[in-house]
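K.L.:
I have a structure here, written as structure tokens, and I will follow up with some questions on it.
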Amino acid sequence: MLIKDIIHKLNEQLNLECYSANMYLQMSAWCSDNRFKGSAAFLKEHSKAEMQHMQRLFNYISDSCALPLLGHIAEPPVKFESLTDVFQQTYAHEQLISRNINALVHAAITVHDYPTFNFLQWYVVEQQEEEKIFKSVLDNFYLIGNNENSLFFIDNDLKKMAHACCKENG
Ligand code: OFO
């Protein structure tokens, strides 16, 4: 049986995962509009992954005999200065999610909620992976540069990553 505060925190995270899905989908629209097809495909795939993160929380709350609550989802940013700006924001967002997951883990262990602590371990590992992926994309901008040729290669690389994610996400 989950306690009220943990249900509330899990629902907050559930809604944040919805926001993440919307944010990545909106970013993919900006990329398409600016001819970065590989980046658009990669971000669209990532949006699907975020919906799976949301669904996982939804199922856990529901399977624990509590009520998942879908609330108001804030509008994601629409305008970006450049492709680098998009990926700077993705990395900052994943760092924020990691901090939130860590706070949730801390809350669960503090109230001796071991099932939730155990459930959250998947997110801890996932966040490590996601930070690594977005950091590596961002590193490419710093290493290869920001001119048109470099952006072509970075975008192409993201197209390959999108195909790999597509296989994973089904
Ligand atoms: Fe990007 O990991 Fe969920 O939010």
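Please note that chains go A, B, ... in the order of the structure tokens, that every chain numbers its residues from 1, and that ligands are numbered from 1 in the order shown.
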Can you pull out the residues contacting segment 162-164 of chain A? Cut-off 9 Å, using only C-alpha atoms, and skip same-chain residues under 2 positions away; I want them as JSON, numbers by chain.

P.N.:
{"A": [38, 39, 40, 41, 42, 43, 44, 45, 46, 157, 158, 159, 160, 166, 167, 168, 169]}

K.L.:
For the selection just defined, write its residues with N, CA, C and O atoms to a file, as an mmCIF file, in the first residue's frame.

P.N.:
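The result, written out as part.cif:
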data_model
loop_
_atom_site.group_PDB
_atom_site.id
_atom_site.type_symbol
_atom_site.label_atom_id
_atom_site.label_comp_id
_atom_site.auth_asym_id
_atom_site.auth_seq_id
_atom_site.Cartn_x
_atom_site.Cartn_y
_atom_site.Cartn_z
ATOM 1 N N GLY A 38 17.114 14.011 -39.609
ATOM 2 C CA GLY A 38 17.635 12.981 -38.699
ATOM 3 C C GLY A 38 17.329 13.334 -37.255
ATOM 4 O O GLY A 38 16.883 12.477 -36.468
ATOM 5 N N SER A 39 17.540 14.602 -36.900
ATOM 6 C CA SER A 39 17.266 15.051 -35.526
ATOM 7 C C SER A 39 15.783 14.921 -35.219
ATOM 8 O O SER A 39 15.400 14.513 -34.117
ATOM 9 N N ALA A 40 14.946 15.263 -36.225
ATOM 10 C CA ALA A 40 13.496 15.168 -36.036
ATOM 11 C C ALA A 40 13.102 13.723 -35.748
ATOM 12 O O ALA A 40 12.323 13.446 -34.819
ATOM 13 N N ALA A 41 13.662 12.791 -36.526
ATOM 14 C CA ALA A 41 13.324 11.375 -36.338
ATOM 15 C C ALA A 41 13.796 10.891 -34.966
ATOM 16 O O ALA A 41 13.071 10.184 -34.255
ATOM 17 N N PHE A 42 15.009 11.306 -34.582
ATOM 18 C CA PHE A 42 15.557 10.888 -33.290
ATOM 19 C C PHE A 42 14.682 11.400 -32.131
ATOM 20 O O PHE A 42 14.341 10.662 -31.208
ATOM 21 N N LEU A 43 14.297 12.672 -32.207
ATOM 22 C CA LEU A 43 13.506 13.258 -31.114
ATOM 23 C C LEU A 43 12.087 12.681 -31.071
ATOM 24 O O LEU A 43 11.515 12.515 -29.988
ATOM 25 N N LYS A 44 11.570 12.340 -32.240
ATOM 26 C CA LYS A 44 10.238 11.729 -32.270
ATOM 27 C C LYS A 44 10.285 10.346 -31.604
ATOM 28 O O LYS A 44 9.407 9.979 -30.839
ATOM 29 N N GLU A 45 11.349 9.606 -31.890
ATOM 30 C CA GLU A 45 11.509 8.292 -31.245
ATOM 31 C C GLU A 45 11.658 8.467 -29.733
ATOM 32 O O GLU A 45 11.127 7.695 -28.949
ATOM 33 N N HIS A 46 12.392 9.510 -29.366
ATOM 34 C CA HIS A 46 12.594 9.725 -27.928
ATOM 35 C C HIS A 46 11.286 10.106 -27.232
ATOM 36 O O HIS A 46 11.059 9.738 -26.079
ATOM 37 N N ASP A 157 24.056 11.387 -38.201
ATOM 38 C CA ASP A 157 24.346 10.489 -37.088
ATOM 39 C C ASP A 157 23.077 10.251 -36.261
ATOM 40 O O ASP A 157 22.792 9.127 -35.843
ATOM 41 N N LEU A 158 22.317 11.322 -36.065
ATOM 42 C CA LEU A 158 21.075 11.208 -35.288
ATOM 43 C C LEU A 158 20.038 10.354 -36.031
ATOM 44 O O LEU A 158 19.232 9.677 -35.397
ATOM 45 N N LYS A 159 20.113 10.383 -37.362
ATOM 46 C CA LYS A 159 19.195 9.539 -38.145
ATOM 47 C C LYS A 159 19.479 8.065 -37.838
ATOM 48 O O LYS A 159 18.568 7.271 -37.615
ATOM 49 N N LYS A 160 20.774 7.717 -37.774
ATOM 50 C CA LYS A 160 21.147 6.322 -37.464
ATOM 51 C C LYS A 160 20.690 5.963 -36.055
ATOM 52 O O LYS A 160 20.197 4.871 -35.793
ATOM 53 N N CYS A 166 14.190 3.152 -32.894
ATOM 54 C CA CYS A 166 12.942 2.684 -33.494
ATOM 55 C C CYS A 166 12.791 1.170 -33.261
ATOM 56 O O CYS A 166 11.734 0.682 -32.908
ATOM 57 N N LYS A 167 13.913 0.446 -33.436
ATOM 58 C CA LYS A 167 13.891 -1.007 -33.223
ATOM 59 C C LYS A 167 13.571 -1.298 -31.749
ATOM 60 O O LYS A 167 12.805 -2.184 -31.420
ATOM 61 N N GLU A 168 14.191 -0.521 -30.834
ATOM 62 C CA GLU A 168 13.966 -0.731 -29.397
ATOM 63 C C GLU A 168 12.532 -0.420 -28.992
ATOM 64 O O GLU A 168 11.915 -1.137 -28.227
ATOM 65 N N ASN A 169 12.008 0.716 -29.512
ATOM 66 C CA ASN A 169 10.673 1.159 -29.094
ATOM 67 C C ASN A 169 9.536 0.392 -29.775
ATOM 68 O O ASN A 169 8.394 0.473 -29.354
#

K.L.:
Counting only C-alpha atoms and all ligand atoms, which residues of chain A sit at most 7 Å from some atom of ligand 1, and what is each one's closest atom pair with its distance in Å to one decimal, listed by chain and rising residue number, as a Markdown table?

P.N.:
| residue | atom | partner | partner_atom_place_in_ligand_line | distance |
| --- | --- | --- | --- | --- |
| A:Leu16 | CA | ligand 1 | 4 (O) | 6.7 |
| A:Glu17 | CA | ligand 1 | 4 (O) | 4.6 |
| A:Ser20 | CA | ligand 1 | 4 (O) | 5.3 |
| A:Glu50 | CA | ligand 1 | 3 (Fe) | 4.8 |
| A:His53 | CA | ligand 1 | 3 (Fe) | 5.5 |
| A:Glu94 | CA | ligand 1 | 1 (Fe) | 5.5 |
| A:Ile97 | CA | ligand 1 | 4 (O) | 5.7 |
| A:Glu126 | CA | ligand 1 | 2 (O) | 6.9 |
| A:Gln127 | CA | ligand 1 | 2 (O) | 5.9 |
| A:Glu130 | CA | ligand 1 | 1 (Fe) | 6.1 |

K.L.:
Residues near Glu12 of chain A, anyone? I mean within 12 Å using only C-alpha atoms, not counting same-chain ones fewer than 5 positions away, as a list in words.

P.N.:
Asp5, Ile6, Ile7, Glu17, Cys18, Tyr19, Met54, Leu57, Phe58, Ile61, Pro68, Leu69, Leu70, Gly71, His72, Ile73, Ile97, Asn100, Ile101, Ala103 and Leu104 of chain A

K.L.:
What lies within 7 Å of segment 88-90 of chain A using only C-alpha atoms, ignoring chain neighbours under 3 positions off, as a list in words?

P.N.:
Thr84, Asp85, His93, Glu94, Phe134 and Leu138 of chain A

K.L.:
Just give me the gap between atom CA of Lys37 of chain A and atom CA of Pro77 of chain A in Å, one decimal is fine.

P.N.:
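Distance reported for this atom pair: 19.2 Å.
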
K.L.:
For atom CA of Ser150 of chain A and atom CA of Leu96 of chain A, determine how far apart the two atoms are, in Å to one decimal place.

P.N.:
28.2 Å

K.L.:
Would you please extract all alpha helix (DSSP H) residues from chain A, as assigned by DSSP on the backbone, and give them as a ChimeraX atom specification?

P.N.:
/A:4-33,37-63,83-110,114-144,148-169

K.L.:
Using only C-alpha atoms, which protein or nucleic acid residues come within 12 Å of His106 of chain A? Drop anything in the same chain fewer than 2 positions from it, and give the result as number ranges by chain.

P.N.:
A: 6, 9, 99-104, 108-114, 116-118, 120-121, 124

K.L.:
Would you mind reading off the distance between atom CA of Cys65 of chain A and atom CA of Met23 of chain A, one decimal, in Å?

P.N.:
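Going from atom CA of Cys65 of chain A over to atom CA of Met23 of chain A, I get 29.8 Å.
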
K.L.:
Looking at A:Ser98, A:Val137, A:Tyr60, A:Val78, which one is nearest to Phe119 of chain A, with distances taken over only C-alpha atoms?

P.N.:
A:Tyr60

K.L.:
Restricting the calculation to only C-alpha atoms: of A:Asn146, A:Asn140, A:Asn15, A:Gln55, which residue gets closest to Ala74 of chain A?

P.N.:
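Of all the options, A:Asn15 lies closest to Ala74 of chain A.
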